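Some notes on the structure that comes next.
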Amino acid sequence: MNFSLFSEFSPSDKNAWVQQALKDLKGKDYDKTLLWNTPEGFVVEPYYTDQEVEETQLTRLQVAQQKKLGWLNQPVVTYESERATNGAMLVVLQKGVDALTLDLRHTDLETIEFTKLLYGIKLSDTPIFFQTNGQNTALIRALQTFIAYQMKGGLADDGLARWMTTGQLSETYFAKLAAVATATNASPSFKTICVSSHVFHNAGANAVQELAFALASAVTYADKLTDAGLDVDAVFSKLYFSVSIGTNYFMEIAKLRALRFLWQRVQTGWGIQPKIAYVHAQTSTFYDAAITPNTNLLRATTEAMSAVIGGCDALTVHAYDATFRTPDEFSERIARNISILLKEESYLDRTLDPAAGSYFLENLTQQLAEAAWSLFLEVEEKGGLLVAFEQDFIQNKIEQNVTDTLAALQQGTRVMVGVNKFRVDEQVPVKYTPTPEAVDEAVSFKLLHPQRIAQTFEQ
């Protein structure tokens with residue numbers, strides 16, 4: 001017997017849904033109750049249909065998300081000594097970790113014996129991303145003295161981001177970076193050009209600003225490195241993004257999807273076959289709280305979910321107590337386990353693109369991508385990232401967003417659990433201040449500084 005399962009139901013359109021919603025609201029204002037006015041200036045409706053997402057645009061968006069299944073669980077290990085750090089890395093690699101970020105920023109790399117540091121770790125099996133604070137040449141030279149195979153991982157060192165926070169940028173920086181990229185040609189999976197959005201996000205940028213300025217940074221790298229003699233295909237092959245993920249759940253999912261889409265648009269503009277962006281995601285420190293700190297665990301979990309649903313290739317979840325003290329073994333384990341739980345219990349690593357087909361998210365991604373592209377073009381019209389930054393254009397945009405965010409929290413129109421509402425612990429457990437970077441006092445423009453929006457409420 002042939003019959004249609006849904007034959008007894010009549011077709012329904014959006015207008016019918018709206019009419020039912022108005023009935024259920026029982027007199028409440030539809031716009032004020034159901035429309036979402038985002039910090040980026042969008043008006044997002046609660047319900048979308050296929051008619052509201054352009055079919056060609058939808059296809060392009062979904063093509064841009066193509067990547068390998070799953071993501072790498074990539075915690076940070078900070079260098080102490082060769083033996084101690086090697087032991088720490090080997091321990092976490094036995095506990096569900098797939099890759100590592102190795103923080104070498106406060107160490108002279110010339111003094112490290114890398115054969116001891118990496119004993120028992122093969123970079124063709126375990127990707128390691130090295131934070132070097134500009135010591136990239138020394139690192140590659142040291143690795144190539146004893147590694148003859150193809151390495152995975154890369155350099156987690158963004159010289160432009162460092163310039164925007166310290167004012168320091170060597171005249172030979174791009175030439176040396178081009179040389180490092182050439183020196184690692186035999187390891188195509190070893191990324192040497194890091195474009196970090198953390199410098200914008202942690203200064204207070206919204207999603208549109210973070211995307212636009214990260215794209216402008218990436219294009220600056222492409223311009224400077226091709227000028228230094230690096231082939232354009234090599235630039236785009238060696239470049240990857242490291243992105244902060246905030247608490248705005250759906251917006252952050254859309255942010256990663258929009259980034260991949262826009263990066264394909266940039267590459268097409270350069271006249272090359274687009275390569276799928278490699279995206280490392282990191283939970284935000286901007287939204288962390290030192291009061292009622294266990295709420296940071298909630299934020300980290302939703303941020304991590306946004307990252308993996310948005311399609312990150314690697315994920316770093318920082319410890320909930322990193323804001324106010326040096327994390328202990330327990331807090332670091334809990335941070336690692338968030339990623340493990342999203343795989344082992346939520347099975348989010350079993351689907352290539354969990355957000356595909358959601359008209360709500362596709363529409364939000366479209367709005368975000370177009371707004372970010374417009375702001376990116378505005379930066380380019382000013383002469384690019386370097387010129388726009390020297391004119392304080394980027395800093396002023398971010399400052400305005402911080403002012404607006406703080407006002408919304410103070411007025412209660414935006415809620416942060418444990419910060420402006422639902423507080424329990426009223427005293428900061430321990431005051432922890434990371435070592436600040438040296439700043440060039442002679443620069444004529446503003447510098448970006450990492451902030452925590454919760455600090456105003458912790459006085």
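Following the order of the structure tokens, chains are lettered A, B, ..., residues in each are numbered from 1, and ligands are numbered from 1.
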Per residue of range 214-269 of chain A within 9 Å of range 150-164 of chain A, note the shortest atom pair and the distance in Å to one decimal, counting only C-alpha atoms, and order the rows by chain and increasing residue number, as a Markdown table.
| residue | atom | partner | partner_atom | distance |
| --- | --- | --- | --- | --- |
| A:Ser217 | CA | A:Leu160 | CA | 7.3 |
| A:Thr220 | CA | A:Leu160 | CA | 8.9 |
| A:Tyr221 | CA | A:Leu160 | CA | 8.5 |
| A:Lys238 | CA | A:Gly154 | CA | 8.8 |
| A:Ser242 | CA | A:Ala156 | CA | 8.1 |
Might you pull out every residue within 9 Å of Ala369 in chain A, with only C-alpha atoms counted and same-chain residues fewer than 6 positions away left off, and present them as a short mmCIF file (atom, residue, chain, number, x, y, z; two decimals) with C-alpha atoms, in the first residue's frame?
data_model
loop_
_atom_site.label_atom_id
_atom_site.label_comp_id
_atom_site.auth_asym_id
_atom_site.auth_seq_id
_atom_site.Cartn_x
_atom_site.Cartn_y
_atom_site.Cartn_z
CA VAL A 208 32.04 41.44 12.78
CA LEU A 211 36.39 38.68 11.40
CA ALA A 212 37.10 41.81 9.38
CA ALA A 254 28.29 31.56 12.45
CA LYS A 255 31.63 33.36 12.93
CA ARG A 257 31.49 29.40 9.18
CA ALA A 258 31.68 32.97 7.86
CA LEU A 259 35.48 32.96 8.26
CA PHE A 261 33.49 31.41 3.46
CA LEU A 262 35.22 34.80 3.41
#
> Taking the backbone alone, and naming residues the way the document does, which bits of range 115-236 of chain A are strand (DSSP E or B) by DSSP, as a VMD selection string?
Replying inline: chain A and resid 128 to 131 153 to 155 190 to 191 193 to 196
> Of the candidates A:Ala205, A:Val279, A:Cys312, A:Val424, which one gets nearest to Thr403 in chain A if we count only C-alpha atoms?
Replying inline: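 Comparing A:Ala205, A:Val279, A:Cys312, A:Val424 against Thr403 in chain A, the winner is A:Ala205.
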> In terms of the shortest atom-to-atom distance over only C-alpha atoms, which of A:Thr351, A:Ala234, A:Leu386, A:Gly229 is closest to Thr184 in chain A?
Replying inline: A:Ala234
> Contacts of Pro46 in chain A at 10 Å or less, counting only C-alpha atoms, minus same-chain residues fewer than 3 places along, as a list in words?
Replying inline: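 Listing them by chain and then by number gives Val18, Thr33, Leu34, Leu35, Trp36, Val43 and Phe360 of chain A.
Taking CA of Ser197 in chain A and CA of Val243 in chain A as the two end points, the separation is 5.0 Å.
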Can you list, as a compact mmCIF listing (two decimals) with C-alpha atoms, in the first residue's frame, every residue of range 78-197 of chain A that DSSP puts in helix (DSSP H, G or I)?
# COMPACT_ATOMS: atom_id res chain seq x y z
CA GLU A 82 63.53 20.02 28.95
CA ARG A 83 62.87 17.11 31.29
CA ALA A 84 59.87 18.57 33.17
CA THR A 85 58.14 19.83 30.02
CA ASN A 86 58.76 16.60 28.14
CA GLY A 87 57.22 14.68 31.02
CA ALA A 88 54.21 16.99 31.13
CA MET A 89 53.62 16.59 27.38
CA LEU A 90 53.91 12.80 27.49
CA VAL A 91 51.44 12.64 30.40
CA VAL A 92 48.70 14.70 28.72
CA LEU A 93 49.15 12.84 25.44
CA LEU A 109 65.39 28.92 22.37
CA GLU A 110 69.15 28.82 21.85
CA THR A 111 69.47 27.35 25.37
CA PHE A 114 65.15 20.00 21.62
CA THR A 115 66.14 16.35 21.38
CA LYS A 116 65.50 16.11 25.12
CA LEU A 117 62.43 18.33 25.05
CA ASN A 136 60.86 31.26 14.65
CA THR A 137 64.14 31.03 12.77
CA ALA A 138 65.95 29.58 15.78
CA LEU A 139 63.17 27.03 16.31
CA ILE A 140 63.15 25.74 12.73
CA ARG A 141 66.94 25.56 12.67
CA ALA A 142 66.92 23.53 15.88
CA LEU A 143 64.18 21.14 14.72
CA GLY A 159 54.06 39.13 14.56
CA LEU A 160 51.32 41.54 13.51
CA ALA A 161 49.33 40.76 16.66
CA ARG A 162 52.48 41.36 18.73
CA TRP A 163 52.97 44.69 16.96
CA MET A 164 49.42 45.74 17.79
CA THR A 165 50.00 45.05 21.50
CA THR A 166 53.62 46.20 21.87
CA TYR A 173 60.21 40.20 10.20
CA PHE A 174 58.42 39.34 6.95
CA ALA A 175 61.62 38.37 5.13
CA LYS A 176 62.52 35.98 7.96
CA LEU A 177 58.97 34.58 8.02
CA ALA A 178 59.13 33.97 4.28
CA ALA A 179 62.43 32.14 4.77
CA VAL A 180 60.90 29.98 7.51
CA ALA A 181 57.98 29.06 5.24
CA THR A 182 60.41 28.09 2.47
CA ALA A 183 62.56 26.08 4.88
>> When you count only C-alpha atoms, which of these residues is closest to Lys343 in chain A: A:Ala148, A:Val219, A:Leu118, A:Leu315?
In response: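 Once distances to Lys343 in chain A are computed over only C-alpha atoms, the minimum belongs to A:Leu315.
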> At what distance in Å, to one decimal, does CA of Ala216 in chain A lie from CA of Leu385 in chain A?
Replying inline: 5.5 Å
